[in-house]
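Engineer: My structure file work_21.pdb, PDB, C-alpha atoms, is below:
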ATOM      1  CA  MET A 237    -101.226  13.678 -27.900
ATOM      2  CA  ASP A 238    -101.215  17.409 -28.762
ATOM      3  CA  ARG A 239    -102.105  18.828 -32.158
ATOM      4  CA  LYS A 240     -98.501  19.525 -33.136
ATOM      5  CA  ARG A 241     -97.451  15.937 -32.513
ATOM      6  CA  LYS A 242    -100.497  14.574 -34.330
ATOM      7  CA  LYS A 243     -99.620  16.716 -37.357
ATOM      8  CA  LYS A 244     -96.010  15.528 -37.277
ATOM      9  CA  LEU A 245     -97.104  11.896 -37.001
ATOM     10  CA  ALA A 246     -99.545  12.305 -39.897
ATOM     11  CA  ILE A 247     -96.767  13.724 -42.078
ATOM     12  CA  ASN A 248     -94.532  10.756 -41.211
ATOM     13  CA  VAL A 249     -97.281   8.251 -42.071
ATOM     14  CA  ILE A 250     -97.949   9.968 -45.412
ATOM     15  CA  LEU A 251     -94.226   9.919 -46.152
ATOM     16  CA  PHE A 252     -94.007   6.198 -45.378
ATOM     17  CA  LEU A 253     -96.954   5.469 -47.650
ATOM     18  CA  ALA A 254     -95.472   7.594 -50.445
ATOM     19  CA  ILE A 255     -92.160   5.728 -50.217
ATOM     20  CA  MET A 256     -93.999   2.405 -50.316
ATOM     21  CA  VAL A 257     -96.002   3.404 -53.402
ATOM     22  CA  PHE A 258     -92.823   4.536 -55.155
ATOM     23  CA  THR A 259     -91.145   1.253 -54.202
ATOM     24  CA  MET A 260     -93.993  -0.779 -55.691
ATOM     25  CA  TRP A 261     -93.891   1.277 -58.890
ATOM     26  CA  PHE A 262     -90.133   0.862 -59.176
ATOM     27  CA  VAL A 263     -90.290  -2.920 -58.879
ATOM     28  CA  PHE A 264     -93.395  -3.622 -60.929
ATOM     29  CA  ARG A 265     -93.065  -0.956 -63.641
ATOM     30  CA  ASP A 266     -91.899  -3.595 -66.160
ATOM     31  CA  GLU A 267     -93.919  -6.628 -65.054
ATOM     32  CA  GLY A 268     -97.096  -4.900 -63.902
ATOM     33  CA  VAL A 269     -99.395  -5.919 -61.076
ATOM     34  CA  GLU A 270    -101.407  -8.099 -63.458
ATOM     35  CA  ALA A 271     -98.393 -10.328 -64.050
ATOM     36  CA  VAL A 272     -97.931 -10.790 -60.320
ATOM     37  CA  LEU A 273    -101.583 -11.704 -59.824
ATOM     38  CA  THR A 274    -101.427 -14.151 -62.728
ATOM     39  CA  ALA A 275     -98.320 -15.786 -61.282
ATOM     40  CA  MET A 276     -99.949 -16.110 -57.882
ATOM     41  CA  LYS A 277    -102.976 -17.802 -59.463
ATOM     42  CA  GLN A 278    -100.663 -20.375 -61.057
ATOM     43  CA  MET A 279     -99.076 -21.180 -57.741
ATOM     44  CA  SER A 280    -100.415 -23.727 -55.293
ATOM     45  CA  PHE A 281    -102.361 -21.968 -52.523
ATOM     46  CA  ALA A 282    -100.877 -24.283 -49.901
ATOM     47  CA  HIS A 283     -97.332 -23.376 -50.974
ATOM     48  CA  LEU A 284     -98.192 -19.676 -51.091
ATOM     49  CA  LEU A 285     -99.581 -19.889 -47.564
ATOM     50  CA  LEU A 286     -96.440 -21.716 -46.414
ATOM     51  CA  ALA A 287     -94.267 -19.000 -47.960
ATOM     52  CA  ILE A 288     -96.218 -16.323 -46.067
ATOM     53  CA  VAL A 289     -95.844 -18.276 -42.812
ATOM     54  CA  ILE A 290     -92.070 -18.525 -43.390
ATOM     55  CA  ALA A 291     -91.826 -14.774 -44.022
ATOM     56  CA  LEU A 292     -93.811 -13.999 -40.858
ATOM     57  CA  PHE A 293     -91.628 -16.432 -38.921
ATOM     58  CA  PHE A 294     -88.486 -14.747 -40.257
ATOM     59  CA  VAL A 295     -89.457 -11.323 -38.901
ATOM     60  CA  SER A 296     -91.087 -12.610 -35.715
ATOM     61  CA  ALA A 297     -88.058 -14.752 -34.814
ATOM     62  CA  GLU A 298     -85.994 -11.607 -34.329
ATOM     63  CA  GLY A 299     -88.588 -10.356 -31.848
ATOM     64  CA  VAL A 300     -88.448 -13.657 -29.964
ATOM     65  CA  MET A 301     -84.665 -13.363 -29.653
ATOM     66  CA  ILE A 302     -84.896  -9.729 -28.496
ATOM     67  CA  TRP A 303     -87.418 -10.816 -25.860
ATOM     68  CA  TYR A 304     -85.239 -13.749 -24.799
ATOM     69  CA  LEU A 305     -82.230 -11.475 -24.274
ATOM     70  CA  LEU A 306     -84.179  -8.702 -22.544
ATOM     71  CA  ARG A 307     -85.768 -11.208 -20.194
ATOM     72  CA  SER A 308     -82.284 -12.474 -19.323
ATOM     73  CA  ILE A 309     -81.002  -8.973 -18.429
ATOM     74  CA  ASP A 310     -84.092  -7.678 -16.573
ATOM     75  CA  GLY A 311     -85.884  -6.048 -19.500
ATOM     76  CA  THR A 312     -89.588  -5.225 -19.200
ATOM     77  CA  SER A 313     -91.045  -5.823 -22.688
ATOM     78  CA  SER A 314     -93.468  -8.669 -23.341
ATOM     79  CA  LEU A 315     -93.028 -11.190 -26.143
ATOM     80  CA  PHE A 316     -95.766  -9.476 -28.175
ATOM     81  CA  SER A 317     -94.064  -6.083 -27.751
ATOM     82  CA  CYS A 318     -90.726  -7.495 -28.906
ATOM     83  CA  ILE A 319     -92.309  -9.076 -31.987
ATOM     84  CA  SER A 320     -93.945  -5.710 -32.720
ATOM     85  CA  CYS A 321     -90.508  -4.131 -32.292
ATOM     86  CA  SER A 322     -89.135  -6.534 -34.897
ATOM     87  CA  PHE A 323     -91.785  -5.589 -37.477
ATOM     88  CA  ILE A 324     -91.211  -1.882 -36.795
ATOM     89  CA  GLY A 325     -87.505  -2.413 -37.349
ATOM     90  CA  PHE A 326     -88.191  -4.289 -40.587
ATOM     91  CA  LEU A 327     -90.273  -1.379 -41.903
ATOM     92  CA  PHE A 328     -87.699   1.288 -41.119
ATOM     93  CA  SER A 329     -84.830  -0.889 -42.346
ATOM     94  CA  GLY A 330     -86.680  -1.421 -45.611
ATOM     95  CA  ILE A 331     -87.202   2.271 -46.355
ATOM     96  CA  THR A 332     -83.752   3.569 -45.352
ATOM     97  CA  PRO A 333     -80.375   3.150 -47.123
ATOM     98  CA  SER A 334     -78.315   0.190 -45.880
ATOM     99  CA  ALA A 335     -81.139  -0.545 -43.389
ATOM    100  CA  THR A 336     -79.795   2.207 -41.102
ATOM    101  CA  GLY A 337     -83.191   3.299 -39.782
ATOM    102  CA  GLY A 338     -84.296  -0.010 -38.258
ATOM    103  CA  GLN A 339     -82.280  -0.274 -35.060
ATOM    104  CA  PRO A 340     -82.602   3.390 -33.957
ATOM    105  CA  MET A 341     -86.379   3.083 -34.240
ATOM    106  CA  GLN A 342     -86.322  -0.227 -32.358
ATOM    107  CA  LEU A 343     -84.201   1.367 -29.635
ATOM    108  CA  TYR A 344     -86.692   4.221 -29.308
ATOM    109  CA  TYR A 345     -89.621   1.772 -29.185
ATOM    110  CA  LEU A 346     -88.016  -0.401 -26.500
ATOM    111  CA  LYS A 347     -87.202   2.682 -24.418
ATOM    112  CA  ARG A 348     -90.808   3.827 -24.847
ATOM    113  CA  ASP A 349     -91.896   0.353 -23.679
ATOM    114  CA  GLY A 350     -90.092   0.793 -20.356
ATOM    115  CA  ASN A 351     -86.620  -0.624 -21.015
ATOM    116  CA  SER A 352     -83.446   1.337 -20.339
ATOM    117  CA  TRP A 353     -81.268   2.570 -23.211
ATOM    118  CA  SER A 354     -78.401   0.394 -22.007
ATOM    119  CA  LEU A 355     -80.298  -2.913 -21.787
ATOM    120  CA  SER A 356     -82.029  -2.257 -25.100
ATOM    121  CA  SER A 357     -78.688  -1.474 -26.737
ATOM    122  CA  VAL A 358     -77.126  -4.726 -25.528
ATOM    123  CA  ALA A 359     -80.070  -6.811 -26.736
ATOM    124  CA  LEU A 360     -80.282  -5.129 -30.154
ATOM    125  CA  MET A 361     -76.540  -5.201 -30.786
ATOM    126  CA  THR A 362     -76.350  -8.863 -29.812
ATOM    127  CA  VAL A 363     -79.169  -9.738 -32.232
ATOM    128  CA  ALA A 364     -77.550  -7.620 -34.968
ATOM    129  CA  LEU A 365     -74.179  -9.261 -34.378
ATOM    130  CA  MET A 366     -75.626 -12.777 -34.633
ATOM    131  CA  TYR A 367     -77.663 -11.789 -37.685
ATOM    132  CA  LYS A 368     -74.591 -10.557 -39.550
ATOM    133  CA  LEU A 369     -72.338 -13.312 -38.231
ATOM    134  CA  VAL A 370     -74.652 -16.036 -39.538
ATOM    135  CA  LEU A 371     -74.840 -14.253 -42.894
ATOM    136  CA  VAL A 372     -71.031 -14.196 -43.068
ATOM    137  CA  LEU A 373     -70.809 -17.873 -42.078
ATOM    138  CA  PHE A 374     -73.243 -18.792 -44.849
ATOM    139  CA  GLY A 375     -71.215 -16.706 -47.313
ATOM    140  CA  VAL A 376     -67.877 -18.218 -46.331
ATOM    141  CA  GLY A 377     -69.364 -21.712 -46.527
ATOM    142  CA  ILE A 378     -70.735 -21.058 -50.010
ATOM    143  CA  LEU A 379     -67.396 -19.627 -51.124
ATOM    144  CA  LEU A 380     -65.412 -22.595 -49.804
ATOM    145  CA  PHE A 381     -67.664 -25.501 -50.786
ATOM    146  CA  TRP A 382     -69.814 -24.191 -53.654
ATOM    147  CA  HIS A 383     -67.477 -21.809 -55.431
ATOM    148  CA  ALA A 384     -67.649 -23.134 -59.007
ATOM    149  CA  PRO A 385     -71.469 -23.473 -59.257
ATOM    150  CA  LEU A 386     -71.851 -20.034 -57.667
ATOM    151  CA  ARG A 387     -69.725 -18.351 -60.335
ATOM    152  CA  GLU A 388     -71.637 -20.155 -63.046
ATOM    153  CA  TYR A 389     -75.070 -19.141 -61.740
ATOM    154  CA  LEU A 390     -74.179 -15.541 -60.887
ATOM    155  CA  GLY A 391     -71.902 -14.614 -63.749
ATOM    156  CA  LYS A 392     -68.767 -12.501 -63.425
ATOM    157  CA  GLY A 393     -70.409  -9.196 -62.454
ATOM    158  CA  TYR A 394     -72.765 -10.484 -59.789
ATOM    159  CA  TYR A 395     -70.094 -12.803 -58.425
ATOM    160  CA  ARG A 396     -67.973  -9.731 -57.717
ATOM    161  CA  LEU A 397     -70.982  -8.096 -56.069
ATOM    162  CA  PHE A 398     -71.307 -11.174 -53.855
ATOM    163  CA  LEU A 399     -67.642 -10.870 -52.824
ATOM    164  CA  LEU A 400     -68.157  -7.172 -52.059
ATOM    165  CA  GLY A 401     -71.233  -7.930 -49.955
ATOM    166  CA  LEU A 402     -69.413 -10.673 -48.047
ATOM    167  CA  THR A 403     -66.474  -8.332 -47.373
ATOM    168  CA  LEU A 404     -68.718  -5.507 -46.132
ATOM    169  CA  ASN A 405     -70.680  -7.838 -43.854
ATOM    170  CA  THR A 406     -67.438  -9.258 -42.431
ATOM    171  CA  LEU A 407     -66.164  -5.745 -41.688
ATOM    172  CA  LEU A 408     -69.471  -4.923 -40.008
ATOM    173  CA  VAL A 409     -69.203  -8.001 -37.778
ATOM    174  CA  VAL A 410     -65.727  -6.868 -36.729
ATOM    175  CA  GLY A 411     -67.080  -3.364 -36.126
ATOM    176  CA  LEU A 412     -69.957  -4.618 -33.998
ATOM    177  CA  LEU A 413     -67.574  -6.689 -31.890
ATOM    178  CA  MET A 414     -65.401  -3.617 -31.327
ATOM    179  CA  VAL A 415     -68.413  -1.516 -30.393
ATOM    180  CA  MET A 416     -69.823  -4.114 -28.013
ATOM    181  CA  PHE A 417     -66.599  -4.898 -26.173
ATOM    182  CA  THR A 418     -64.804  -1.513 -26.229
ATOM    183  CA  PRO A 419     -66.159   0.793 -23.490
ATOM    184  CA  SER A 420     -64.564   3.938 -24.969
ATOM    185  CA  VAL A 421     -66.367   3.409 -28.274
ATOM    186  CA  ILE A 422     -69.672   2.810 -26.503
ATOM    187  CA  ARG A 423     -69.191   5.944 -24.395
ATOM    188  CA  LEU A 424     -68.563   8.048 -27.496
ATOM    189  CA  LEU A 425     -71.472   6.574 -29.461
ATOM    190  CA  SER A 426     -73.927   6.806 -26.571
ATOM    191  CA  GLY A 427     -73.074  10.486 -26.108
ATOM    192  CA  LYS A 428     -73.666  11.148 -29.805
ATOM    193  CA  ALA A 429     -76.898   9.117 -29.736
ATOM    194  CA  GLU A 430     -78.200  11.100 -26.770
ATOM    195  CA  TRP A 431     -77.404  14.404 -28.492
ATOM    196  CA  LEU A 432     -79.242  13.246 -31.634
ATOM    197  CA  ALA A 433     -82.240  12.017 -29.621
ATOM    198  CA  VAL A 434     -82.525  15.403 -27.899
ATOM    199  CA  LYS A 435     -82.316  17.217 -31.236
ATOM    200  CA  LEU A 436     -85.081  15.016 -32.669
ATOM    201  CA  HIS A 437     -87.207  15.581 -29.526
ATOM    202  CA  LEU A 438     -87.200  11.877 -28.763
ATOM    203  CA  LEU A 439     -85.540  12.527 -25.425
ATOM    204  CA  LYS A 440     -85.787  15.442 -23.014
ATOM    205  CA  LYS A 441     -82.559  17.010 -21.830
ATOM    206  CA  ALA A 442     -82.485  16.816 -18.063
ATOM    207  CA  GLY A 443     -79.894  16.443 -15.326
ATOM    208  CA  SER A 444     -76.173  16.002 -15.666
ATOM    209  CA  LYS A 445     -75.035  14.601 -18.986
ATOM    210  CA  GLN A 446     -72.008  12.938 -17.374
ATOM    211  CA  ALA A 447     -74.180  11.316 -14.693
ATOM    212  CA  ARG A 448     -76.572   9.931 -17.306
ATOM    213  CA  LEU A 449     -73.668   8.667 -19.390
ATOM    214  CA  ASP A 450     -72.050   6.978 -16.372
ATOM    215  CA  HIS A 451     -75.369   5.358 -15.472
ATOM    216  CA  PHE A 452     -75.764   4.118 -19.064
ATOM    217  CA  MET A 453     -72.250   2.666 -19.101
ATOM    218  CA  GLU A 454     -72.731   0.936 -15.763
ATOM    219  CA  ASN A 455     -75.955  -0.773 -16.887
ATOM    220  CA  TYR A 456     -74.468  -1.587 -20.297
ATOM    221  CA  GLN A 457     -71.373  -3.216 -18.798
ATOM    222  CA  ASN A 458     -73.452  -5.165 -16.269
ATOM    223  CA  ALA A 459     -75.732  -6.529 -19.001
ATOM    224  CA  LEU A 460     -72.792  -7.370 -21.261
ATOM    225  CA  SER A 461     -70.950  -9.089 -18.402
ATOM    226  CA  PHE A 462     -74.038 -11.167 -17.714
ATOM    227  CA  LEU A 463     -74.159 -12.376 -21.329
ATOM    228  CA  LYS A 464     -70.426 -13.132 -21.289
ATOM    229  CA  GLU A 465     -70.913 -15.286 -18.199
ATOM    230  CA  HIS A 466     -73.913 -17.062 -19.718
ATOM    231  CA  LYS A 467     -72.537 -18.099 -23.096
ATOM    232  CA  GLY A 468     -75.325 -20.664 -23.410
ATOM    233  CA  LYS A 469     -77.794 -17.835 -23.985
ATOM    234  CA  MET A 470     -75.598 -16.482 -26.777
ATOM    235  CA  LEU A 471     -75.510 -19.946 -28.353
ATOM    236  CA  VAL A 472     -79.312 -20.119 -28.189
ATOM    237  CA  VAL A 473     -79.545 -16.815 -30.068
ATOM    238  CA  LEU A 474     -76.931 -17.997 -32.578
ATOM    239  CA  PHE A 475     -78.837 -21.226 -33.228
ATOM    240  CA  GLY A 476     -82.126 -19.338 -33.514
ATOM    241  CA  THR A 477     -80.554 -16.974 -36.041
ATOM    242  CA  VAL A 478     -79.290 -19.892 -38.151
ATOM    243  CA  VAL A 479     -82.822 -21.355 -38.247
ATOM    244  CA  GLN A 480     -84.253 -17.917 -39.025
ATOM    245  CA  ARG A 481     -81.886 -17.274 -41.943
ATOM    246  CA  ALA A 482     -82.189 -20.813 -43.329
ATOM    247  CA  ALA A 483     -85.983 -20.492 -43.321
ATOM    248  CA  VAL A 484     -86.023 -17.347 -45.437
ATOM    249  CA  PHE A 485     -83.445 -18.839 -47.844
ATOM    250  CA  ALA A 486     -85.727 -21.863 -48.253
ATOM    251  CA  LEU A 487     -88.736 -19.671 -49.077
ATOM    252  CA  THR A 488     -87.725 -19.529 -52.742
ATOM    253  CA  TYR A 489     -87.716 -23.344 -52.877
ATOM    254  CA  VAL A 490     -91.301 -23.318 -51.569
ATOM    255  CA  VAL A 491     -92.214 -20.975 -54.444
ATOM    256  CA  TYR A 492     -90.315 -23.237 -56.860
ATOM    257  CA  ARG A 493     -92.278 -26.301 -55.785
ATOM    258  CA  GLY A 494     -95.521 -24.359 -55.584
ATOM    259  CA  MET A 495     -95.204 -23.460 -59.257
ATOM    260  CA  GLY A 496     -95.063 -27.164 -60.073
ATOM    261  CA  MET A 497     -91.340 -27.379 -60.828
ATOM    262  CA  SER A 498     -88.745 -29.966 -59.851
ATOM    263  CA  GLY A 499     -85.171 -30.894 -60.643
ATOM    264  CA  ALA A 500     -83.221 -28.331 -58.625
ATOM    265  CA  SER A 501     -82.337 -29.333 -55.077
ATOM    266  CA  LEU A 502     -83.302 -27.459 -51.923
ATOM    267  CA  THR A 503     -79.641 -26.735 -51.120
ATOM    268  CA  THR A 504     -78.937 -25.270 -54.583
ATOM    269  CA  ILE A 505     -81.826 -22.830 -54.304
ATOM    270  CA  MET A 506     -80.963 -21.967 -50.697
ATOM    271  CA  TRP A 507     -77.313 -21.213 -51.555
ATOM    272  CA  LEU A 508     -78.340 -19.023 -54.476
ATOM    273  CA  GLN A 509     -80.860 -17.109 -52.399
ATOM    274  CA  ALA A 510     -78.283 -16.690 -49.634
ATOM    275  CA  ALA A 511     -75.799 -15.332 -52.178
ATOM    276  CA  VAL A 512     -78.350 -12.746 -53.342
ATOM    277  CA  TYR A 513     -79.035 -11.662 -49.747
ATOM    278  CA  ILE A 514     -75.330 -11.358 -48.959
ATOM    279  CA  ALA A 515     -74.559  -9.374 -52.111
ATOM    280  CA  VAL A 516     -77.236  -6.703 -51.614
ATOM    281  CA  ASP A 517     -77.495  -6.583 -47.813
ATOM    282  CA  MET A 518     -75.117  -3.633 -47.309
ATOM    283  CA  LEU A 519     -75.886  -1.603 -50.430
ATOM    284  CA  PRO A 520     -77.004   2.011 -49.734
ATOM    285  CA  ILE A 521     -80.382   1.532 -51.432
ATOM    286  CA  PRO A 522     -83.641   1.421 -49.419
ATOM    287  CA  GLY A 523     -84.659  -2.222 -49.314
ATOM    288  CA  ALA A 524     -81.934  -2.975 -51.907
ATOM    289  CA  GLN A 525     -84.647  -2.435 -54.491
ATOM    290  CA  GLY A 526     -83.859  -2.915 -58.163
ATOM    291  CA  ILE A 527     -80.514  -4.625 -57.681
ATOM    292  CA  THR A 528     -82.112  -7.491 -55.726
ATOM    293  CA  GLU A 529     -84.584  -8.166 -58.530
ATOM    294  CA  ALA A 530     -81.900  -7.911 -61.227
ATOM    295  CA  MET A 531     -79.561 -10.280 -59.411
ATOM    296  CA  TYR A 532     -82.397 -12.705 -58.667
ATOM    297  CA  ARG A 533     -83.211 -12.962 -62.395
ATOM    298  CA  ARG A 534     -79.585 -13.755 -63.226
ATOM    299  CA  ALA A 535     -79.070 -16.208 -60.367
ATOM    300  CA  PHE A 536     -82.237 -18.235 -61.011
ATOM    301  CA  LEU A 537     -82.275 -17.990 -64.804
ATOM    302  CA  ASN A 538     -81.318 -21.664 -65.180
ATOM    303  CA  ILE A 539     -83.387 -22.861 -62.209
ATOM    304  CA  PHE A 540     -86.874 -21.764 -63.229
ATOM    305  CA  THR A 541     -88.152 -22.647 -66.666
ATOM    306  CA  ALA A 542     -88.505 -19.936 -69.309
ATOM    307  CA  GLY A 543     -91.131 -17.348 -68.436
ATOM    308  CA  HIS A 544     -91.274 -18.249 -64.750
ATOM    309  CA  VAL A 545     -88.191 -16.424 -63.400
ATOM    310  CA  THR A 546     -89.912 -13.049 -63.183
ATOM    311  CA  ALA A 547     -93.099 -14.592 -61.814
ATOM    312  CA  SER A 548     -91.207 -16.463 -59.086
ATOM    313  CA  MET A 549     -89.289 -13.316 -58.223
ATOM    314  CA  CYS A 550     -92.493 -11.318 -57.852
ATOM    315  CA  ILE A 551     -93.964 -13.921 -55.512
ATOM    316  CA  SER A 552     -90.890 -14.591 -53.359
ATOM    317  CA  ARG A 553     -89.881 -10.930 -53.154
ATOM    318  CA  GLY A 554     -93.468  -9.825 -52.697
ATOM    319  CA  VAL A 555     -94.039 -12.229 -49.810
ATOM    320  CA  SER A 556     -90.664 -11.918 -48.052
ATOM    321  CA  PHE A 557     -90.234  -8.148 -48.404
ATOM    322  CA  TYR A 558     -93.213  -6.094 -49.585
ATOM    323  CA  LEU A 559     -95.855  -7.992 -47.634
ATOM    324  CA  MET A 560     -93.703  -7.747 -44.490
ATOM    325  CA  ILE A 561     -93.280  -4.003 -45.129
ATOM    326  CA  CYS A 562     -97.070  -3.730 -45.174
ATOM    327  CA  VAL A 563     -97.358  -5.711 -41.946
ATOM    328  CA  GLY A 564     -94.648  -3.527 -40.411
ATOM    329  CA  LEU A 565     -96.566  -0.403 -41.407
ATOM    330  CA  ILE A 566     -99.742  -1.742 -39.812
ATOM    331  CA  VAL A 567     -97.889  -2.603 -36.596
ATOM    332  CA  THR A 568     -96.220   0.822 -36.546
ATOM    333  CA  LEU A 569     -99.524   2.636 -37.033
ATOM    334  CA  TYR A 570    -101.066   0.570 -34.270
ATOM    335  CA  GLU A 571     -98.227   1.145 -31.804
ATOM    336  CA  PHE A 572     -97.820   4.875 -32.421
ATOM    337  CA  CYS A 573    -101.356   5.952 -33.399
ATOM    338  CA  ILE A 574    -103.917   3.650 -31.803
ATOM    339  CA  LYS A 575    -102.118   2.319 -28.744
ATOM    340  CA  LYS A 576    -101.614   4.987 -26.088
TER     341      LYS A 576
END
I'd like the structure from this file rewritten - as structure tokens, please.

Structural biologist:
Amino acid sequence: MDRKRKKKLAINVILFLAIMVFTMWFVFRDEGVEAVLTAMKQMSFAHLLLAIVIALFFVSAEGVMIWYLLRSIDGTSSLFSCISCSFIGFLFSGITPSATGGQPMQLYYLKRDGNSWSLSSVALMTVALMYKLVLVLFGVGILLFWHAPLREYLGKGYYRLFLLGLTLNTLLVVGLLMVMFTPSVIRLLSGKAEWLAVKLHLLKKAGSKQARLDHFMENYQNALSFLKEHKGKMLVVLFGTVVQRAAVFALTYVVYRGMGMSGASLTTIMWLQAAVYIAVDMLPIPGAQGITEAMYRRAFLNIFTAGHVTASMCISRGVSFYLMICVGLIVTLYEFCIKK
């Protein structure tokens, strides 16, 4: 790696670290790190360890599904590389508005790992579609079968935010379906993506643009046709995504039990946590910071006993988001700095 690229990489790493420090300050400026440490000491170590395992499973499961799809359409990445790709995506999603930075960085990483743009695009869009689809299905189910308790727990303002989040996620699912199954849209977007990649020096401009675009479209359509013909593979990814989402929704219940509390059911806590995720998922705030914590306090105010809402939030949010951001940063530094 030449000196210019090393300097550019160092600047990017410093920027990531600065954003992370600011994020920590923003979240803990009222509670303080001491409060978090105190809360963690009150929690059962076994439950804390289980919560960490669930969070790691949540991020890693995406990598497993990317690997499963790539393997089905002649991709070259190993399972370990795909799991690394998932953590890299989590990092960049967490530090960019509306999680817009995750998939472009994953696409670049998979291309760097030897996969074609077209195969990588099919795999990533399929995973993204299932991810959002499952979120919408959870939201619709909550709205249909748990409407009254939801309004009571969230209050009027946050209930409206939940409806907004559900609407935005539904529109995104429709948009992803249009992108995946409309060749003209893919052709337009791939041309724009190539232009941007050249401008950012992620891709060298060489050969005929039309020839490259035609080659991309041919591979993309072949991969998509393969998945259409093998619907069982899509169902496997859908089922895996349901398990993945349910696991992270249940993480808060693990924290609840780890703090020695009982009374609220697993399903109640899962539905509330799902509602929080749905409400903030599409907001143009890096990592949905601030609003996630505020909504969590309101949603779980009557679940956790007095004085434990903030503590539980610090643990569950710290494990499921900030710890995974740290892991993602470590993986990113390894893949782009240490590994040649």

Engineer: Report the closest atom pair, with its distance in Å rounded to one decimal, for each residue of segment 355-387 of chain A that has an atom no farther than 12 Å from segment 535-541 of chain A; count all atoms listed in the file, sort by chain and then rising residue number, and write it as JSON lines.

Structural biologist:
{"residue": "A:Pro385", "atom": "CA", "partner": "A:Ala535", "partner_atom": "CA", "distance": 10.6}
{"residue": "A:Leu386", "atom": "CA", "partner": "A:Ala535", "partner_atom": "CA", "distance": 8.6}
{"residue": "A:Arg387", "atom": "CA", "partner": "A:Ala535", "partner_atom": "CA", "distance": 9.6}

Engineer: What is the atom CA of Ser313 of chain A to atom CA of Asp349 of chain A distance in Å?

Structural biologist: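 Interatomic distance, atom CA of Ser313 of chain A to atom CA of Asp349 of chain A: 6.3 Å.
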
Engineer: Between atom CA of Tyr532 of chain A and atom CA of His544 of chain A, what is the spacing in Å?

Structural biologist: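 Separation of atom CA of His544 of chain A and atom CA of Tyr532 of chain A: 12.1 Å.
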
Engineer: Taking the file above as input, evaluate the PyMOL selection byres ((chain A and resi 317) around 12) and report the hits as a tab-separated table (two decimals) with C-alpha atoms, keeping the file's coordinate frame.

Structural biologist:
chain	number	residue	atom	x	y	z
A	296	SER	CA	-91.09	-12.61	-35.72
A	298	GLU	CA	-85.99	-11.61	-34.33
A	299	GLY	CA	-88.59	-10.36	-31.85
A	300	VAL	CA	-88.45	-13.66	-29.96
A	302	ILE	CA	-84.90	-9.73	-28.50
A	303	TRP	CA	-87.42	-10.82	-25.86
A	306	LEU	CA	-84.18	-8.70	-22.54
A	311	GLY	CA	-85.88	-6.05	-19.50
A	312	THR	CA	-89.59	-5.22	-19.20
A	313	SER	CA	-91.04	-5.82	-22.69
A	314	SER	CA	-93.47	-8.67	-23.34
A	315	LEU	CA	-93.03	-11.19	-26.14
A	316	PHE	CA	-95.77	-9.48	-28.18
A	318	CYS	CA	-90.73	-7.50	-28.91
A	319	ILE	CA	-92.31	-9.08	-31.99
A	320	SER	CA	-93.94	-5.71	-32.72
A	321	CYS	CA	-90.51	-4.13	-32.29
A	322	SER	CA	-89.14	-6.53	-34.90
A	323	PHE	CA	-91.78	-5.59	-37.48
A	324	ILE	CA	-91.21	-1.88	-36.80
A	342	GLN	CA	-86.32	-0.23	-32.36
A	345	TYR	CA	-89.62	1.77	-29.18
A	346	LEU	CA	-88.02	-0.40	-26.50
A	347	LYS	CA	-87.20	2.68	-24.42
A	348	ARG	CA	-90.81	3.83	-24.85
A	349	ASP	CA	-91.90	0.35	-23.68
A	350	GLY	CA	-90.09	0.79	-20.36
A	351	ASN	CA	-86.62	-0.62	-21.02
A	567	VAL	CA	-97.89	-2.60	-36.60
A	568	THR	CA	-96.22	0.82	-36.55
A	570	TYR	CA	-101.07	0.57	-34.27
A	571	GLU	CA	-98.23	1.14	-31.80
A	575	LYS	CA	-102.12	2.32	-28.74

Engineer: Which is closest to Ala486 of chain A among A:Thr504, A:Thr528, A:Thr546, A:Ser308, if we use only C-alpha atoms?

Structural biologist: A:Thr504

Engineer: So, counting all atoms listed in the file, which residue among A:Leu474, A:Ala291, A:Cys573, A:Leu404 is closest to Gly375 of chain A?

Structural biologist: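 Counting all atoms listed in the file, the residue closest to Gly375 of chain A is A:Leu404.
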
Engineer: Skip Arg493 of chain A itself and residues of its chain fewer than 5 positions away, then list as an MDAnalysis selection string all residues within 9 Å of it, counting only C-alpha atoms.

Structural biologist: chainID A and resid 279:280 283 488 498

Engineer: What separation in Å, quoted to one decimal, exists between atom CA of Tyr394 of chain A and atom CA of Leu371 of chain A?

Structural biologist: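 Atom CA of Tyr394 of chain A sits 17.4 Å away from atom CA of Leu371 of chain A.
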
Engineer: Taking all atoms listed in the file into account, name the residue in A:Asn405, A:Ser556, A:Ser501, A:Gln339 that is nearest to Ala359 of chain A.

Structural biologist: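 Closest residue, counting all atoms listed in the file: A:Gln339.
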
Engineer: Which one is closest to Trp507 of chain A: A:Phe281, A:Tyr367, A:Tyr389, A:Phe293? Count all atoms listed in the file.

Structural biologist: A:Tyr389

Engineer: For segment 281-295 of chain A, write C-alpha atoms out as a short mmCIF file (atom, residue, chain, number, x, y, z; two decimals), in the first residue's frame.

Structural biologist:
data_model
loop_
_atom_site.label_atom_id
_atom_site.label_comp_id
_atom_site.auth_asym_id
_atom_site.auth_seq_id
_atom_site.Cartn_x
_atom_site.Cartn_y
_atom_site.Cartn_z
CA PHE A 281 -22.95 -12.57 34.54
CA ALA A 282 -24.53 -15.59 32.87
CA HIS A 283 -27.37 -13.45 31.47
CA LEU A 284 -24.94 -10.75 30.37
CA LEU A 285 -22.87 -13.36 28.54
CA LEU A 286 -26.02 -14.75 26.91
CA ALA A 287 -26.99 -11.25 25.76
CA ILE A 288 -23.56 -10.79 24.16
CA VAL A 289 -23.86 -14.17 22.42
CA ILE A 290 -27.28 -13.16 21.05
CA ALA A 291 -25.90 -9.86 19.75
CA LEU A 292 -22.97 -11.63 18.06
CA PHE A 293 -25.38 -14.17 16.59
CA PHE A 294 -27.59 -11.37 15.25
CA VAL A 295 -24.77 -9.79 13.23
#
